[in-house]
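> Would you mind keeping the following structure in view while I ask a few things?
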Amino acid sequence: MKTPELPCIKCQNCTFSQICEDYLFEQPLDFFIASLQRKVEIKMGSNLFSIGEPVNHLIALRSGTVNIYGENNKLVSVISPGMLVNSEDVHTGVYQSQAIAATPVSLCVLDYSRLYGLSQITTGVFSHMVHILSESSCDKSKFIHVLSQPDAARKVASLLLLLRLRNVKVEFLADTLLLPLKHKELAGMLGLSPVTLRRTLNLLEQNGVIKLEKRQVIINDVHYLESLLVSDE
């Protein structure tokens with residue numbers, strides 16, 4: 001059976017949308033065009049960058065999923081379409097993590113080393129960069145909020161709602177979520193045992209809140225998931 005094609009975001013829903021709108025579409029700058037690689041296709045399982053490598057590019061995800069691993073090969077983050085893959089280590093100049101394509105992925109890659117030169121041509125570059133990095137920082141805060149939930153039910157509910165929010169942001173189907181992770185890996189990221197994760201997902205499915213189809217989750221009752229997170233308020 002042929003694997004369905006992964007959805008790809010529109011340019012206006014990408015973290016690079018504003019800088020591309022100004023320097024690629026509205027008033028094209030040759031220097032910017034030469035600094036940007038568009039629609040870079042990467043095979044599933046490929047390494048995007050590794051710990052200790054220099055940060056030479058900003059990487060925006062167009063389609064697919066990228067997993068971020070820290071020390072001891074621990075999964076620490078999952079990147080969805082529209083997001084910046086490598087914001088964490090821009091300030092240090094050296095990667096402290098590893099990124100692996102969990103599915104086939106499509107990327108846009110901006111040469112970070114050329115941004116200073118671009119700033120000498122046009123004054124708006126740094127404001128665009130602040131926007132890109134601020135948006136990425138906000139995404140990280142939301143992910144940390146998922147991990148900080150006190151129990152399995154709320155961790156799972158919070159994760160599903162975050163993935164749903166990401167879908168809405170980039171105009172994908174809101175309630176159809178792809179989890180390109182093995183249960184053991186997902187459980188480890190959430191600080192749960194695989195048994196606890198499976199039991200939590202099964203309970204949500206038995207109650208009609210979600211429907212599980214291998215690594216796809218269909219949300220049937222978003223209000224129930226939201227109620228789990230406000231039950232103590």
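Going by the structure tokens order, chains are called A, B, ..., each with residues numbered from 1, while ligands are numbered from 1 in the order shown.
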Enumerate as a PyMOL selection string all residues of range 15-118 of chain A assigned to helix (DSSP H, G or I) by DSSP on the backbone, naming them with the chain letters and numbers the document uses.
chain A and resi 17-26+30-35+71-73+112-118
> Could those residues be written to a file, using C-alpha atoms, as a tab-separated table (two decimals), in the first residue's frame?

chain	number	residue	atom	x	y	z
A	17	SER	CA	7.05	33.90	5.64
A	18	GLN	CA	7.79	37.56	6.37
A	19	ILE	CA	11.42	37.59	5.31
A	20	CYS	CA	10.61	35.67	2.12
A	21	GLU	CA	7.66	37.94	1.36
A	22	ASP	CA	9.93	41.01	1.51
A	23	TYR	CA	13.08	39.72	-0.20
A	24	LEU	CA	11.91	36.83	-2.37
A	25	PHE	CA	8.45	37.78	-3.61
A	26	GLU	CA	7.69	41.52	-3.28
A	30	ASP	CA	19.64	38.51	-5.49
A	31	PHE	CA	21.73	38.27	-2.31
A	32	PHE	CA	18.81	36.80	-0.37
A	33	ILE	CA	17.79	34.46	-3.20
A	34	ALA	CA	21.37	33.15	-3.31
A	35	SER	CA	21.26	32.59	0.46
A	71	GLU	CA	22.46	13.85	25.26
A	72	ASN	CA	22.18	10.07	25.65
A	73	ASN	CA	20.03	10.03	22.51
A	112	TYR	CA	22.90	32.07	8.50
A	113	SER	CA	26.44	33.29	7.76
A	114	ARG	CA	25.15	35.58	5.00
A	115	LEU	CA	22.60	37.42	7.12
A	116	TYR	CA	25.08	40.09	8.19
A	117	GLY	CA	25.85	40.83	4.56
A	118	LEU	CA	22.13	40.99	3.84
> Which neighbours of Ala157 in chain A fall inside 9 Å, counting only C-alpha atoms, when residues of the same chain fewer than 2 positions from it are skipped, and could you give them as a ChimeraX atom specification?
/A:146,152-155,159-162,224-226,228-229
> Could you save those same residues with C-alpha atoms as a PDB file, in the first residue's frame?

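Once everything was written out, this is result_0.pdb:
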ATOM      1  CA  VAL A 146       3.333  19.758  27.933  1.00  0.00           C
ATOM      2  CA  ALA A 152      -0.182  10.928  32.294  1.00  0.00           C
ATOM      3  CA  ALA A 153      -3.716  11.979  31.294  1.00  0.00           C
ATOM      4  CA  ARG A 154      -2.854  15.649  31.299  1.00  0.00           C
ATOM      5  CA  LYS A 155       0.479  15.136  29.560  1.00  0.00           C
ATOM      6  CA  LEU A 159       0.455  17.062  23.748  1.00  0.00           C
ATOM      7  CA  LEU A 160      -2.543  16.309  21.547  1.00  0.00           C
ATOM      8  CA  LEU A 161      -3.854  19.854  21.971  1.00  0.00           C
ATOM      9  CA  LEU A 162      -0.442  21.301  21.120  1.00  0.00           C
ATOM     10  CA  TYR A 224     -12.877  16.793  26.828  1.00  0.00           C
ATOM     11  CA  LEU A 225      -9.111  17.126  26.330  1.00  0.00           C
ATOM     12  CA  GLU A 226      -9.314  20.784  27.274  1.00  0.00           C
ATOM     13  CA  LEU A 228      -8.549  17.676  31.644  1.00  0.00           C
ATOM     14  CA  LEU A 229      -6.209  20.653  31.783  1.00  0.00           C
TER      15      LEU A 229
END
> Which residues come within 6 Å of Ser63 in chain A, counting only C-alpha atoms, excluding same-chain residues fewer than 3 positions away, as a list in words?
Cys8, Pro81, Val105 and Ser106 of chain A
> Excluding same-chain residues fewer than 2 positions from Cys108 in chain A, what lies within 12 Å of it counting only C-alpha atoms, as a ChimeraX atom specification?
/A:8-9,11,14-17,20,33,35-42,57-63,81-85,105-106,110-111
> Skip Leu192 in chain A itself and residues of its chain fewer than 4 positions away, then list as JSON, numbers by chain all residues within 10 Å of it, counting only C-alpha atoms.
{"A": [151, 152, 155, 156, 184, 185, 186, 187, 188, 196, 197, 198]}
> Could those selected residues go to a file with C-alpha atoms, as a compact mmCIF listing (two decimals), in the first residue's frame?

# COMPACT_ATOMS: atom_id res chain seq x y z
CA ASP A 151 0.15 13.15 35.35
CA ALA A 152 -0.18 10.93 32.29
CA LYS A 155 0.48 15.14 29.56
CA VAL A 156 -1.20 13.24 26.74
CA LYS A 184 8.43 3.76 23.63
CA GLU A 185 10.08 6.92 22.31
CA LEU A 186 7.02 9.08 22.84
CA ALA A 187 6.59 7.72 26.36
CA GLY A 188 10.21 8.48 27.18
CA THR A 196 1.16 3.97 31.01
CA LEU A 197 1.12 5.80 27.68
CA ARG A 198 -0.69 2.94 25.97
> So which residues touch Ser46 in chain A within 10 Å, counting only C-alpha atoms, skipping near sequence neighbours fewer than 3 positions away, as a ChimeraX atom specification?
/A:42-43,49,66,99-105
> Write a file of the just-selected residues containing C-alpha atoms, as an mmCIF file, in the first residue's frame.

data_model
loop_
_atom_site.group_PDB
_atom_site.id
_atom_site.type_symbol
_atom_site.label_atom_id
_atom_site.label_comp_id
_atom_site.auth_asym_id
_atom_site.auth_seq_id
_atom_site.Cartn_x
_atom_site.Cartn_y
_atom_site.Cartn_z
ATOM 1 C CA ILE A 42 15.471 14.747 2.896
ATOM 2 C CA LYS A 43 14.886 11.013 3.301
ATOM 3 C CA PHE A 49 22.746 18.036 12.097
ATOM 4 C CA VAL A 66 11.865 16.177 12.630
ATOM 5 C CA ALA A 99 18.042 16.376 14.440
ATOM 6 C CA ILE A 100 16.757 13.333 12.554
ATOM 7 C CA ALA A 101 14.019 13.205 9.921
ATOM 8 C CA ALA A 102 11.283 11.029 11.448
ATOM 9 C CA THR A 103 9.535 10.973 8.059
ATOM 10 C CA PRO A 104 10.540 12.140 4.607
ATOM 11 C CA VAL A 105 10.839 15.904 5.025
#
> Ranking A:Thr176, A:Gln216, A:Ser87, A:Gln206 by minimum distance to Lys140 in chain A and counting only C-alpha atoms, which one comes first?
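For Lys140 in chain A, the nearest of the candidates is A:Ser87.
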> If we count only C-alpha atoms, what is near Ser77 in chain A at a cut-off of 7 Å, once residues fewer than 2 positions away on the same chain are taken out, given as an NGL selection string?
:A and (67-68 or 75 or 79)
> Nearest residue to Asn167 in chain A out of A:Thr92, A:Asn13, A:Ser141, A:Ser148, using only C-alpha atoms?
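Among the listed residues, the smallest separation from Asn167 in chain A belongs to A:Asn13.
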> Please determine, counting only C-alpha atoms, which residue among A:Glu171, A:Glu53, A:Glu205, A:Glu88 has the shortest atom-to-atom distance to Ser136 in chain A.
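Of A:Glu171, A:Glu53, A:Glu205, A:Glu88, the one nearest Ser136 in chain A is A:Glu88, counting only C-alpha atoms.
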> Check the smallest atom-to-atom distance from each of A:His128, A:His145, A:Arg215, A:Arg166 to Leu178 in chain A using only C-alpha atoms, then report the winner.
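Using only C-alpha atoms, Leu178 in chain A sits closest to A:Arg215.
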> Would you return as a ChimeraX atom specification the members of range 14-201 of chain A that DSSP assigns to strand (DSSP E) on this structure's backbone?
/A:36-42,47-49,57-63,66-69,75-79,98-101,105-111,176-178
> If you measure from CA of Val209 in chain A to CA of Lys74 in chain A, what distance in Å do you get, rounded to one decimal?
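Between CA of Val209 in chain A and CA of Lys74 in chain A the gap works out to 29.4 Å.
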> Any idea what the distance is between CA of Lys182 in chain A and CA of Val109 in chain A?
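CA of Val109 in chain A lies at a distance of 27.8 Å from CA of Lys182 in chain A.
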